[in-house]
file protein_31.txt (compact mmCIF, C-alpha atoms (C1' of nucleotides))
# COMPACT_ATOMS: atom_id res chain seq x y z
CA MET A 1 28.10 -18.75 131.31
CA LEU A 2 25.75 -20.04 128.64
CA ARG A 3 28.44 -22.43 127.45
CA GLU A 4 28.95 -23.81 130.96
CA ASN A 5 25.18 -24.12 131.30
CA GLY A 6 25.07 -26.22 128.18
CA THR A 7 22.69 -23.80 126.51
CA GLU A 8 22.72 -24.50 122.77
CA THR A 9 21.43 -21.34 121.20
CA VAL A 10 20.81 -17.78 122.29
CA SER A 11 19.01 -14.88 120.63
CA SER A 12 20.43 -11.43 120.06
CA ASP A 13 17.64 -10.19 122.27
CA ALA A 14 18.68 -12.27 125.27
CA LEU A 15 22.35 -11.51 124.74
CA SER A 16 21.76 -7.82 124.34
CA ARG A 17 19.81 -7.63 127.57
CA ALA A 18 22.66 -9.33 129.38
CA ALA A 19 25.12 -6.90 127.88
CA GLY A 20 22.99 -3.83 128.51
CA VAL A 21 22.56 -2.81 124.87
CA LYS A 22 19.73 -3.00 122.31
CA SER A 23 19.41 -6.07 120.13
CA PRO A 24 20.01 -4.53 116.68
CA GLN A 25 23.19 -3.05 118.11
CA LEU A 26 24.42 -6.44 119.14
CA ARG A 27 23.53 -8.01 115.81
CA LYS A 28 25.28 -5.25 113.87
CA ASP A 29 28.38 -5.58 115.98
CA LEU A 30 28.56 -9.34 115.53
CA ALA A 31 27.72 -9.11 111.84
CA TYR A 32 30.76 -6.88 111.44
CA PHE A 33 32.91 -9.96 111.95
CA GLY A 34 30.79 -12.41 109.95
CA ASN A 35 27.44 -14.14 109.83
CA PHE A 36 27.53 -15.98 113.11
CA GLY A 37 23.81 -16.51 113.58
CA THR A 38 21.04 -18.57 112.04
CA ARG A 39 17.84 -16.80 111.03
CA GLY A 40 14.88 -17.95 112.98
CA LEU A 41 17.05 -19.69 115.54
CA GLY A 42 19.63 -17.39 117.03
CA TYR A 43 23.30 -17.91 117.71
CA ASN A 44 24.84 -21.29 118.48
CA VAL A 45 26.54 -20.69 121.82
CA GLU A 46 29.53 -22.95 121.20
CA MET A 47 30.15 -21.55 117.76
CA LEU A 48 29.65 -17.94 118.81
CA SER A 49 32.00 -18.37 121.73
CA GLY A 50 34.61 -19.78 119.38
CA ARG A 51 34.25 -16.96 116.89
CA ILE A 52 34.53 -14.31 119.57
CA ASN A 53 37.67 -16.00 120.80
CA GLN A 54 39.08 -15.90 117.29
CA VAL A 55 38.48 -12.17 117.22
CA LEU A 56 39.58 -11.26 120.74
CA GLY A 57 41.38 -14.27 122.11
CA THR A 58 44.36 -14.40 119.81
CA THR A 59 45.50 -11.04 121.07
CA ARG A 60 44.52 -11.79 124.61
CA LEU A 61 46.78 -14.55 125.88
CA GLN A 62 49.58 -12.08 126.09
CA PRO A 63 51.99 -11.16 128.83
CA VAL A 64 51.26 -7.79 130.38
CA ILE A 65 53.56 -5.73 132.58
CA LEU A 66 52.60 -3.32 135.33
CA ILE A 67 54.58 -0.18 135.98
CA GLY A 68 54.24 1.37 139.43
CA VAL A 69 53.49 -0.75 142.49
CA GLY A 70 52.06 1.92 144.74
CA ASN A 71 48.54 1.87 146.13
CA LEU A 72 46.80 1.52 142.83
CA GLY A 73 49.44 -0.72 141.33
CA SER A 74 49.42 -3.29 144.10
CA ALA A 75 45.66 -3.20 144.04
CA LEU A 76 45.77 -4.14 140.40
CA LEU A 77 48.22 -6.95 141.14
CA HIS A 78 45.87 -8.45 143.70
CA TYR A 79 42.85 -7.89 141.53
CA GLY A 80 41.95 -11.19 139.91
CA GLY A 81 39.91 -9.81 137.05
CA PHE A 82 42.75 -9.62 134.56
CA ASN A 83 43.76 -13.26 134.90
CA LYS A 84 40.18 -14.36 134.65
CA GLU A 85 39.90 -12.65 131.28
CA GLY A 86 43.04 -14.28 129.95
CA PHE A 87 45.65 -11.68 130.75
CA GLU A 88 48.70 -12.57 132.78
CA ILE A 89 50.72 -9.92 134.56
CA ALA A 90 54.18 -11.25 133.82
CA ALA A 91 56.10 -8.78 135.95
CA ALA A 92 55.83 -5.47 137.73
CA PHE A 93 58.33 -2.63 137.87
CA ASP A 94 58.85 0.09 140.42
CA HIS A 95 61.43 2.64 141.41
CA GLU A 96 61.63 0.99 144.82
CA PRO A 97 61.09 -2.69 144.07
CA ASP A 98 61.89 -3.71 147.65
CA ARG A 99 59.52 -1.24 149.26
CA VAL A 100 57.69 -3.00 152.07
CA ARG A 101 54.50 -4.52 150.80
CA SER A 102 51.65 -5.60 152.97
CA THR A 103 50.72 -8.87 151.30
CA PRO A 104 53.16 -11.13 149.50
CA LEU A 105 52.91 -10.72 145.75
CA SER A 106 52.71 -13.58 143.30
CA VAL A 107 54.36 -11.47 140.64
CA PRO A 108 58.04 -10.47 140.63
CA VAL A 109 58.72 -6.77 141.15
CA TYR A 110 61.83 -5.46 139.43
CA SER A 111 63.51 -2.09 139.47
CA MET A 112 62.69 0.27 136.65
CA ASP A 113 66.02 -0.12 134.87
CA LYS A 114 65.23 -3.76 134.18
CA MET A 115 62.15 -2.79 132.21
CA PRO A 116 63.48 -2.23 128.68
CA GLU A 117 65.34 -5.52 128.50
CA PHE A 118 62.37 -7.42 129.94
CA ILE A 119 60.02 -5.95 127.35
CA LYS A 120 62.36 -6.89 124.54
CA ALA A 121 63.22 -10.35 125.88
CA GLN A 122 59.61 -11.35 126.45
CA SER A 123 58.31 -9.23 123.56
CA VAL A 124 55.71 -7.67 125.83
CA LYS A 125 53.23 -5.55 123.91
CA LEU A 126 50.85 -4.40 126.65
CA ALA A 127 51.65 -2.28 129.71
CA ILE A 128 49.53 -1.06 132.60
CA LEU A 129 50.72 2.31 133.87
CA ALA A 130 49.98 3.06 137.51
CA VAL A 131 52.64 5.64 138.39
CA PRO A 132 52.05 9.19 139.69
CA ALA A 133 51.11 11.74 137.05
CA SER A 134 54.40 13.55 137.43
CA GLY A 135 56.49 10.60 136.29
CA ALA A 136 54.14 9.12 133.73
CA GLN A 137 55.41 10.68 130.52
CA GLN A 138 59.00 9.73 131.24
CA VAL A 139 58.02 6.11 131.82
CA VAL A 140 55.92 6.15 128.66
CA ASN A 141 58.91 7.27 126.65
CA GLN A 142 60.86 4.28 127.92
CA LEU A 143 57.95 1.95 127.24
CA THR A 144 57.41 3.05 123.69
CA SER A 145 61.08 3.07 122.79
CA SER A 146 61.31 -0.50 124.12
CA GLY A 147 58.54 -1.60 121.78
CA ILE A 148 55.35 -1.45 123.85
CA GLN A 149 52.32 -1.16 121.56
CA ALA A 150 49.47 -0.42 123.94
CA ILE A 151 49.20 1.27 127.33
CA LEU A 152 46.41 1.18 129.88
CA ASN A 153 47.00 4.48 131.64
CA PHE A 154 45.74 5.22 135.15
CA ALA A 155 47.71 8.44 135.55
CA PRO A 156 45.57 11.56 135.14
CA VAL A 157 47.62 13.07 132.34
CA VAL A 158 47.44 13.14 128.56
CA LEU A 159 50.28 10.96 127.32
CA GLU A 160 52.28 11.74 124.22
CA VAL A 161 52.98 8.58 122.26
CA PRO A 162 54.13 7.64 118.75
CA GLU A 163 51.28 7.24 116.30
CA GLN A 164 51.33 3.45 116.26
CA VAL A 165 50.98 3.17 120.04
CA VAL A 166 47.46 3.01 121.47
CA VAL A 167 46.57 4.48 124.86
CA ASN A 168 43.48 3.77 126.91
CA ASN A 169 42.97 6.21 129.76
CA VAL A 170 41.20 5.28 132.98
CA ASP A 171 40.89 8.09 135.48
CA LEU A 172 39.03 6.83 138.52
CA ALA A 173 38.49 10.29 139.97
CA VAL A 174 37.01 11.48 136.69
CA GLU A 175 34.65 8.49 136.61
CA LEU A 176 33.40 9.51 140.02
CA GLU A 177 33.13 13.13 138.99
CA ASN A 178 31.09 12.19 135.94
CA LEU A 179 28.60 10.55 138.23
CA SER A 180 28.49 13.34 140.75
CA TYR A 181 27.26 15.67 138.06
CA PHE A 182 23.99 13.75 137.95
CA ILE A 183 23.13 13.73 141.62
CA ARG A 184 20.51 16.12 142.78
CA MET B 1 48.19 24.20 137.63
CA LEU B 2 47.77 27.42 135.68
CA ARG B 3 46.19 29.03 138.70
CA GLU B 4 49.08 28.00 140.94
CA ASN B 5 51.49 29.28 138.30
CA GLY B 6 49.80 32.65 138.42
CA THR B 7 49.01 32.50 134.70
CA GLU B 8 46.32 35.07 133.97
CA THR B 9 44.75 33.93 130.74
CA VAL B 10 44.74 30.79 128.65
CA SER B 11 43.50 30.05 125.14
CA SER B 12 41.14 27.25 124.19
CA ASP B 13 43.96 25.99 122.02
CA ALA B 14 46.40 25.58 124.91
CA LEU B 15 43.76 24.10 127.19
CA SER B 16 42.56 21.67 124.56
CA ARG B 17 46.06 20.38 123.95
CA ALA B 18 46.49 19.77 127.66
CA ALA B 19 43.19 17.93 127.76
CA GLY B 20 43.84 15.93 124.63
CA VAL B 21 40.93 17.28 122.59
CA LYS B 22 40.53 19.75 119.72
CA SER B 23 40.01 23.42 120.46
CA PRO B 24 36.50 23.92 119.02
CA GLN B 25 35.40 20.98 121.12
CA LEU B 26 36.66 22.61 124.28
CA ARG B 27 35.07 25.95 123.40
CA LYS B 28 31.72 24.33 122.65
CA ASP B 29 31.80 22.41 125.89
CA LEU B 30 32.58 25.47 127.96
CA ALA B 31 30.09 27.61 126.04
CA TYR B 32 27.41 25.13 127.04
CA PHE B 33 27.65 26.52 130.56
CA GLY B 34 28.04 30.17 129.64
CA ASN B 35 30.34 32.65 127.95
CA PHE B 36 33.44 32.26 130.04
CA GLY B 37 35.99 33.63 127.60
CA THR B 38 36.96 36.96 126.10
CA ARG B 39 37.30 37.19 122.33
CA GLY B 40 40.81 37.95 121.23
CA LEU B 41 42.19 37.17 124.67
CA GLY B 42 41.17 33.74 125.88
CA TYR B 43 39.91 32.60 129.25
CA ASN B 44 40.79 34.27 132.53
CA VAL B 45 42.27 31.43 134.54
CA GLU B 46 40.93 32.54 137.92
CA MET B 47 37.45 33.13 136.58
CA LEU B 48 37.35 29.94 134.53
CA SER B 49 38.48 27.90 137.50
CA GLY B 50 35.72 29.44 139.57
CA ARG B 51 33.07 28.74 136.96
CA ILE B 52 34.12 25.13 136.57
CA ASN B 53 33.94 24.74 140.32
CA GLN B 54 30.43 26.15 140.28
CA VAL B 55 29.47 23.51 137.75
CA LEU B 56 31.30 20.52 139.19
CA GLY B 57 32.35 21.48 142.67
CA THR B 58 28.99 21.89 144.31
CA THR B 59 28.19 18.27 143.72
CA ARG B 60 31.68 17.16 144.49
CA LEU B 61 32.31 17.79 148.19
CA GLN B 62 30.12 14.88 149.02
CA PRO B 63 30.56 11.87 151.23
CA VAL B 64 31.05 8.66 149.26
CA ILE B 65 30.79 5.11 150.55
CA LEU B 66 32.64 2.06 149.34
CA ILE B 67 31.01 -1.35 149.28
CA GLY B 68 33.34 -4.34 149.22
CA VAL B 69 36.78 -4.21 150.81
CA GLY B 70 38.44 -7.03 148.91
CA ASN B 71 41.45 -6.62 146.67
CA LEU B 72 40.02 -3.93 144.51
CA GLY B 73 38.12 -2.25 147.32
CA SER B 74 41.10 -1.86 149.61
CA ALA B 75 43.10 -0.66 146.67
CA LEU B 76 40.57 2.07 146.11
CA LEU B 77 40.69 2.98 149.81
CA HIS B 78 44.43 3.47 149.63
CA TYR B 79 44.25 5.24 146.32
CA GLY B 80 44.62 8.95 146.98
CA GLY B 81 43.08 10.18 143.73
CA PHE B 82 39.55 10.50 145.03
CA ASN B 83 40.48 12.74 147.96
CA LYS B 84 42.62 14.89 145.74
CA GLU B 85 39.62 15.57 143.53
CA GLY B 86 37.43 16.52 146.45
CA PHE B 87 35.71 13.25 147.25
CA GLU B 88 35.89 11.79 150.72
CA ILE B 89 35.26 8.11 151.35
CA ALA B 90 33.21 8.41 154.53
CA ALA B 91 32.97 4.70 155.28
CA ALA B 92 33.41 1.27 153.77
CA PHE B 93 31.18 -1.78 154.12
CA ASP B 94 31.98 -5.46 153.79
CA HIS B 95 30.47 -8.80 154.65
CA GLU B 96 33.52 -9.54 156.76
CA PRO B 97 34.44 -6.16 158.20
CA ASP B 98 37.09 -7.65 160.50
CA ARG B 99 38.82 -9.64 157.80
CA VAL B 100 42.57 -9.26 158.28
CA ARG B 101 43.84 -6.38 156.26
CA SER B 102 47.43 -5.82 155.31
CA THR B 103 47.74 -2.12 155.93
CA PRO B 104 45.76 -0.17 158.51
CA LEU B 105 42.89 1.71 156.95
CA SER B 106 42.07 5.32 157.64
CA VAL B 107 38.41 4.67 156.92
CA PRO B 108 36.04 2.72 159.18
CA VAL B 109 34.86 -0.61 157.78
CA TYR B 110 31.39 -1.66 158.90
CA SER B 111 29.38 -4.79 158.29
CA MET B 112 26.89 -4.74 155.47
CA ASP B 113 23.82 -4.53 157.69
CA LYS B 114 24.93 -1.11 158.92
CA MET B 115 24.80 0.25 155.39
CA PRO B 116 21.18 1.38 155.00
CA GLU B 117 21.10 3.38 158.20
CA PHE B 118 24.46 4.99 157.45
CA ILE B 119 23.29 6.10 154.01
CA LYS B 120 20.16 7.62 155.46
CA ALA B 121 21.84 9.20 158.50
CA GLN B 122 24.59 10.86 156.45
CA SER B 123 22.40 11.29 153.37
CA VAL B 124 25.06 9.67 151.21
CA LYS B 125 24.29 9.95 147.50
CA LEU B 126 27.32 8.32 145.88
CA ALA B 127 28.51 4.73 146.26
CA ILE B 128 31.50 2.87 144.86
CA LEU B 129 30.72 -0.78 144.27
CA ALA B 130 33.67 -3.16 144.43
CA VAL B 131 32.03 -6.48 145.29
CA PRO B 132 32.20 -9.70 143.26
CA ALA B 133 29.87 -9.85 140.28
CA SER B 134 27.73 -12.54 141.91
CA GLY B 135 26.67 -10.35 144.81
CA ALA B 136 26.49 -7.01 143.03
CA GLN B 137 22.81 -6.82 142.13
CA GLN B 138 21.69 -7.67 145.64
CA VAL B 139 23.86 -4.92 147.10
CA VAL B 140 22.59 -2.50 144.49
CA ASN B 141 19.02 -3.20 145.52
CA GLN B 142 19.91 -2.29 149.09
CA LEU B 143 21.76 0.82 147.95
CA THR B 144 18.97 2.15 145.82
CA SER B 145 16.25 1.43 148.33
CA SER B 146 18.31 3.32 150.92
CA GLY B 147 18.40 6.38 148.68
CA ILE B 148 21.71 6.18 146.82
CA GLN B 149 21.53 8.23 143.62
CA ALA B 150 24.68 7.26 141.75
CA ILE B 151 26.89 4.17 141.64
CA LEU B 152 30.41 3.73 140.37
CA ASN B 153 30.34 0.02 139.51
CA PHE B 154 33.50 -2.08 139.22
CA ALA B 155 31.66 -5.40 139.06
CA PRO B 156 31.53 -6.85 135.53
CA VAL B 157 27.74 -7.11 135.39
CA VAL B 158 24.92 -4.99 134.04
CA LEU B 159 23.11 -3.56 137.04
CA GLU B 160 19.37 -3.06 137.16
CA VAL B 161 18.51 0.21 138.86
CA PRO B 162 15.50 2.50 139.16
CA GLU B 163 15.33 5.11 136.43
CA GLN B 164 16.50 8.01 138.59
CA VAL B 165 19.68 6.22 139.67
CA VAL B 166 22.78 6.70 137.51
CA VAL B 167 25.39 3.97 137.06
CA ASN B 168 28.89 4.38 135.72
CA ASN B 169 30.56 1.09 134.85
CA VAL B 170 34.31 0.58 135.02
CA ASP B 171 35.46 -2.86 133.98
CA LEU B 172 39.23 -2.99 134.19
CA ALA B 173 39.50 -6.26 132.29
CA VAL B 174 37.42 -4.83 129.45
CA GLU B 175 39.63 -1.75 129.30
CA LEU B 176 42.60 -4.02 128.83
CA GLU B 177 40.78 -6.12 126.27
CA ASN B 178 39.85 -3.01 124.27
CA LEU B 179 43.52 -2.23 124.00
CA SER B 180 44.61 -5.72 123.14
CA TYR B 181 42.46 -5.60 120.03
CA PHE B 182 44.81 -3.01 118.58
CA ILE B 183 48.12 -4.76 119.06
CA ARG B 184 49.65 -6.39 116.03
C1' DC C 1 45.26 40.77 114.66
C1' DT C 2 43.95 37.31 118.02
C1' DG C 3 40.90 34.07 119.75
C1' DT C 4 35.96 33.18 121.36
C1' DG C 5 31.21 31.77 120.28
C1' DT C 6 28.43 29.38 117.07
C1' DG C 7 25.55 28.09 112.87
C1' DA C 8 26.30 24.78 109.38
C1' DA C 9 28.43 20.68 107.60
C1' DG C 10 30.25 16.45 108.30
C1' DG C 11 30.94 11.94 110.23
C1' DC C 12 29.92 8.34 113.05
C1' DT C 13 26.88 5.36 115.68
C1' DT C 14 22.46 3.87 116.92
C1' DT C 15 17.88 2.71 115.90
C1' DC C 16 14.34 1.30 112.92
C1' DA C 17 11.98 -1.74 110.00
C1' DC C 18 11.71 -5.41 107.26
C1' DA C 19 13.37 -8.77 103.70
C1' DG C 20 15.13 -13.20 103.86
C1' DC C 21 16.09 -17.60 105.74
C1' DC C 22 15.46 -21.40 108.97
C1' DG D 1 6.49 -18.10 113.34
C1' DG D 2 10.91 -16.58 114.89
C1' DC D 3 15.09 -14.27 114.54
C1' DT D 4 19.10 -12.77 111.86
C1' DG D 5 21.31 -9.53 108.68
C1' DT D 6 21.11 -5.06 106.80
C1' DG D 7 19.82 -0.83 104.01
C1' DA D 8 17.79 3.46 105.26
C1' DA D 9 16.63 6.99 108.69
C1' DA D 10 17.53 9.24 112.71
C1' DG D 11 20.25 11.10 116.19
C1' DC D 12 24.27 12.66 118.23
C1' DC D 13 28.72 14.53 118.57
C1' DT D 14 32.67 16.59 116.33
C1' DT D 15 34.78 19.61 113.16
C1' DC D 16 34.82 23.46 110.26
C1' DA D 17 34.78 28.17 109.15
C1' DC D 18 33.83 32.54 110.10
C1' DA D 19 31.32 36.54 112.24
C1' DC D 20 32.30 39.22 115.93
C1' DA D 21 34.48 41.30 119.97
C1' DG D 22 38.51 43.12 122.33
call {"tool": "encode", "arguments": {"input": "protein_31.txt", "output": "structure tokens"}}
result
Amino acid sequence: MLRENGTETVSSDALSRAAGVKSPQLRKDLAYFGNFGTRGLGYNVEMLSGRINQVLGTTRLQPVILIGVGNLGSALLHYGGFNKEGFEIAAAFDHEPDRVRSTPLSVPVYSMDKMPEFIKAQSVKLAILAVPASGAQQVVNQLTSSGIQAILNFAPVVLEVPEQVVVNNVDLAVELENLSYFIR
Amino acid sequence: MLRENGTETVSSDALSRAAGVKSPQLRKDLAYFGNFGTRGLGYNVEMLSGRINQVLGTTRLQPVILIGVGNLGSALLHYGGFNKEGFEIAAAFDHEPDRVRSTPLSVPVYSMDKMPEFIKAQSVKLAILAVPASGAQQVVNQLTSSGIQAILNFAPVVLEVPEQVVVNNVDLAVELENLSYFIR
DNA sequence: CTGTGTGAAGGCTTTCACAGCC
DNA sequence: GGCTGTGAAAGCCTTCACACAG
């Protein structure tokens, strides 16, 4: 936003408020990757943006696949947030790829047995898992043996994966439950 | 699951493996709420389940409202995970409540101006926010001034709320980005 | 002998405070 | 004078190790 605004420099204080953290936190985090700022002035927006892209962006413009096109899965397909952040859902896979879908999808949906070859052919490294809990581990086994390196898991189960594979769990019901604990 | 299986007791070790944490962690967490276990034996499944319900359940059987019935919002409406965990989406609100929707919804969708009175009439305490980032803060102001106590926020912005209101942020794109940092 | 409950130790992250540079 | 970069302090959470109970 600052870049589009043409803002030239920004302080850790302003940035940290926008991000919802304290300013020394933000400075420490940035400093971990190098000295991006100028003392007395702040951070040059253009330069900072470029450096952050070097750190995050190289790994970001990657094809991602989605497994499971049920309620949550199709929601994720329609959700624009991934594309906006530089991720492209290259394909989706489902046990019933022809299952009637409400809105036309802009992403091809293939049957599950096409998954391993697709991963290898496109060297896909990231997968979003939106299948029911009961089938999740089996799918994960296929994913990892096909070479997937990271999984964003929406199924409410603890996945067993080889050491080099990273899993990030998002359990929407748990997020809600966390909150409910604080209401009076 | 253990309860349905008729299993009588379970050790912190078994439970912790299922939950994906270490066993002393699990014991400490449970011990925070009381001495639920028996030394040398483990935890009585029936009793433990009851105690956990006392801690979480009382706040759980609560009406929840959803704001924003776009891609993500309608996805969340169709997603069964909330109901399964004891949350009921009582109503949804949108600027265009009559906007054509693919699948019929089992939840009434009202226009935004109905929101404050609904919250007060039903004394709703929990809201799920699935509106675009640009409109989020304005909606939050309405929510909090109507008496909402906790917000599950899917908009990628830092929300400003009164001190007594709790916010839990879920940014799906950020979750994916976190993962992408680890791929080689 | 098994497995919980827990003080103590350890490790990690955040916050502070300020030297150093523009 | 302003703001970064950073060592040191503080705080928090996890892990360890074992006393204790069944």
call {"tool": "residues_near_point", "arguments": {"input": "protein_31.txt", "point": "(8.9, -14.1, 112.7)", "cutoff": "10 Å", "atoms": "all atoms listed in the file", "output": "MDAnalysis selection string"}}
result
(chainID A and resid 39:40) or (chainID D and resid 1:3)
call {"tool": "closest_atom_pairs", "arguments": {"input": "protein_31.txt", "of": "chain D", "to": "chain B", "cutoff": "10 Å", "atoms": "only C-alpha atoms (C1' of nucleotides)", "output": "CSV"}}
result
residue,atom,partner,partner_atom,distance
D:DC13,C1',B:Gln25,CA,9.6
D:DT14,C1',B:Gln25,CA,7.0
D:DT15,C1',B:Pro24,CA,7.5
D:DC16,C1',B:Pro24,CA,8.9
D:DC20,C1',B:Arg39,CA,8.4
D:DA21,C1',B:Arg39,CA,5.5
D:DG22,C1',B:Gly40,CA,5.8
call {"tool": "atom_distance", "arguments": {"input": "protein_31.txt", "atom1": "atom CA of Glu4 of chain B", "atom2": "atom CA of Gly135 of chain A"}}
result
19.5 Å
call {"tool": "closest_residue", "arguments": {"input": "protein_31.txt", "among": "A:Gly34, A:Gly42, A:Pro108, A:Gly57", "to": "chain B", "atoms": "only C-alpha atoms"}}
result
A:Gly57
call {"tool": "residues_around", "arguments": {"input": "protein_31.txt", "residues": "DC12 of chain D", "least_positions_apart": "4", "cutoff": "12 Å", "atoms": "only C-alpha atoms (C1' of nucleotides)", "output": "PyMOL selection string"}}
result
chain C and resi 11-14
call {"tool": "write_last_selection", "arguments": {"input": "protein_31.txt", "atoms": "C-alpha atoms (C1' of nucleotides)", "output": "PDB file, in the coordinates of the input"}}
result
ATOM      1  C1'  DG C  11      30.940  11.940 110.230  1.00  0.00           C
ATOM      2  C1'  DC C  12      29.920   8.340 113.050  1.00  0.00           C
ATOM      3  C1'  DT C  13      26.880   5.360 115.680  1.00  0.00           C
ATOM      4  C1'  DT C  14      22.460   3.870 116.920  1.00  0.00           C
TER       5       DT C  14
END
call {"tool": "axis_aligned_box", "arguments": {"input": "protein_31.txt", "around": "segment 1-13 of chain D", "padding_each_side": "8 Å", "output": "AutoDock Vina command-line options"}}
result
--center_x 17.6 --center_y -1.8 --center_z 111.3 --size_x 38.2 --size_y 48.6 --size_z 30.6
call {"tool": "residues_around", "arguments": {"input": "protein_31.txt", "residues": "Gly86 of chain B", "least_positions_apart": "4", "cutoff": "8 Å", "atoms": "all atoms listed in the file", "output": "list of chain:residue names"}}
result
B:Arg60, B:Leu61, B:Gln62, B:Phe82
call {"tool": "closest_residue", "arguments": {"input": "protein_31.txt", "among": "A:Gly81, A:Pro162, A:Gly37, A:Pro116", "to": "chain B", "atoms": "only C-alpha atoms"}}
result
A:Gly81
call {"tool": "interface_residues", "arguments": {"input": "protein_31.txt", "of": "chain C", "to": "chain A", "cutoff": "9 Å", "atoms": "all atoms listed in the file", "output": "JSON, numbers by chain"}}
result
{"C": [14, 15, 16, 20, 21, 22]}
call {"tool": "residues_around", "arguments": {"input": "protein_31.txt", "residues": "Val161 of chain B", "least_positions_apart": "6", "cutoff": "12 Å", "atoms": "all atoms listed in the file", "output": "ChimeraX atom specification"}}
result
/A:20 /B:136-145,147-151,153,167-168
call {"tool": "interface_residues", "arguments": {"input": "protein_31.txt", "of": "chain A", "to": "chain B", "cutoff": "7 Å", "atoms": "all atoms listed in the file", "output": "PyMOL selection string"}}
result
chain A and resi 18-20+56+59-60+71-72+75+78-79+81-82+85+102-103+149-150+152+158+168+173+176-177+179-181+183
call {"tool": "write_last_selection", "arguments": {"input": "protein_31.txt", "atoms": "C-alpha atoms", "output": "PDB file, in the frame of the given file"}}
result
ATOM      1  CA  ALA A  18      22.660  -9.330 129.380  1.00  0.00           C
ATOM      2  CA  ALA A  19      25.120  -6.900 127.880  1.00  0.00           C
ATOM      3  CA  GLY A  20      22.990  -3.830 128.510  1.00  0.00           C
ATOM      4  CA  LEU A  56      39.580 -11.260 120.740  1.00  0.00           C
ATOM      5  CA  THR A  59      45.500 -11.040 121.070  1.00  0.00           C
ATOM      6  CA  ARG A  60      44.520 -11.790 124.610  1.00  0.00           C
ATOM      7  CA  ASN A  71      48.540   1.870 146.130  1.00  0.00           C
ATOM      8  CA  LEU A  72      46.800   1.520 142.830  1.00  0.00           C
ATOM      9  CA  ALA A  75      45.660  -3.200 144.040  1.00  0.00           C
ATOM     10  CA  HIS A  78      45.870  -8.450 143.700  1.00  0.00           C
ATOM     11  CA  TYR A  79      42.850  -7.890 141.530  1.00  0.00           C
ATOM     12  CA  GLY A  81      39.910  -9.810 137.050  1.00  0.00           C
ATOM     13  CA  PHE A  82      42.750  -9.620 134.560  1.00  0.00           C
ATOM     14  CA  GLU A  85      39.900 -12.650 131.280  1.00  0.00           C
ATOM     15  CA  SER A 102      51.650  -5.600 152.970  1.00  0.00           C
ATOM     16  CA  THR A 103      50.720  -8.870 151.300  1.00  0.00           C
ATOM     17  CA  GLN A 149      52.320  -1.160 121.560  1.00  0.00           C
ATOM     18  CA  ALA A 150      49.470  -0.420 123.940  1.00  0.00           C
ATOM     19  CA  LEU A 152      46.410   1.180 129.880  1.00  0.00           C
ATOM     20  CA  VAL A 158      47.440  13.140 128.560  1.00  0.00           C
ATOM     21  CA  ASN A 168      43.480   3.770 126.910  1.00  0.00           C
ATOM     22  CA  ALA A 173      38.490  10.290 139.970  1.00  0.00           C
ATOM     23  CA  LEU A 176      33.400   9.510 140.020  1.00  0.00           C
ATOM     24  CA  GLU A 177      33.130  13.130 138.990  1.00  0.00           C
ATOM     25  CA  LEU A 179      28.600  10.550 138.230  1.00  0.00           C
ATOM     26  CA  SER A 180      28.490  13.340 140.750  1.00  0.00           C
ATOM     27  CA  TYR A 181      27.260  15.670 138.060  1.00  0.00           C
ATOM     28  CA  ILE A 183      23.130  13.730 141.620  1.00  0.00           C
TER      29      ILE A 183
END
call {"tool": "atom_distance", "arguments": {"input": "protein_31.txt", "atom1": "atom CA of Pro97 of chain B", "atom2": "atom CA of Ser111 of chain B"}}
result
5.2 Å
call {"tool": "atom_distance", "arguments": {"input": "protein_31.txt", "atom1": "atom CA of Leu129 of chain B", "atom2": "atom CA of Gly68 of chain B"}}
result
6.6 Å
call {"tool": "residues_around", "arguments": {"input": "protein_31.txt", "residues": "Asp113 of chain B", "least_positions_apart": "3", "cutoff": "10 Å", "atoms": "only C-alpha atoms (C1' of nucleotides)", "output": "ChimeraX atom specification"}}
result
/B:93-95,110,116-118,142
call {"tool": "write_last_selection", "arguments": {"input": "protein_31.txt", "atoms": "C-alpha atoms", "output": "PDB file, in the frame of the given file"}}
result
ATOM      1  CA  PHE B  93      31.180  -1.780 154.120  1.00  0.00           C
ATOM      2  CA  ASP B  94      31.980  -5.460 153.790  1.00  0.00           C
ATOM      3  CA  HIS B  95      30.470  -8.800 154.650  1.00  0.00           C
ATOM      4  CA  TYR B 110      31.390  -1.660 158.900  1.00  0.00           C
ATOM      5  CA  PRO B 116      21.180   1.380 155.000  1.00  0.00           C
ATOM      6  CA  GLU B 117      21.100   3.380 158.200  1.00  0.00           C
ATOM      7  CA  PHE B 118      24.460   4.990 157.450  1.00  0.00           C
ATOM      8  CA  GLN B 142      19.910  -2.290 149.090  1.00  0.00           C
TER       9      GLN B 142
END
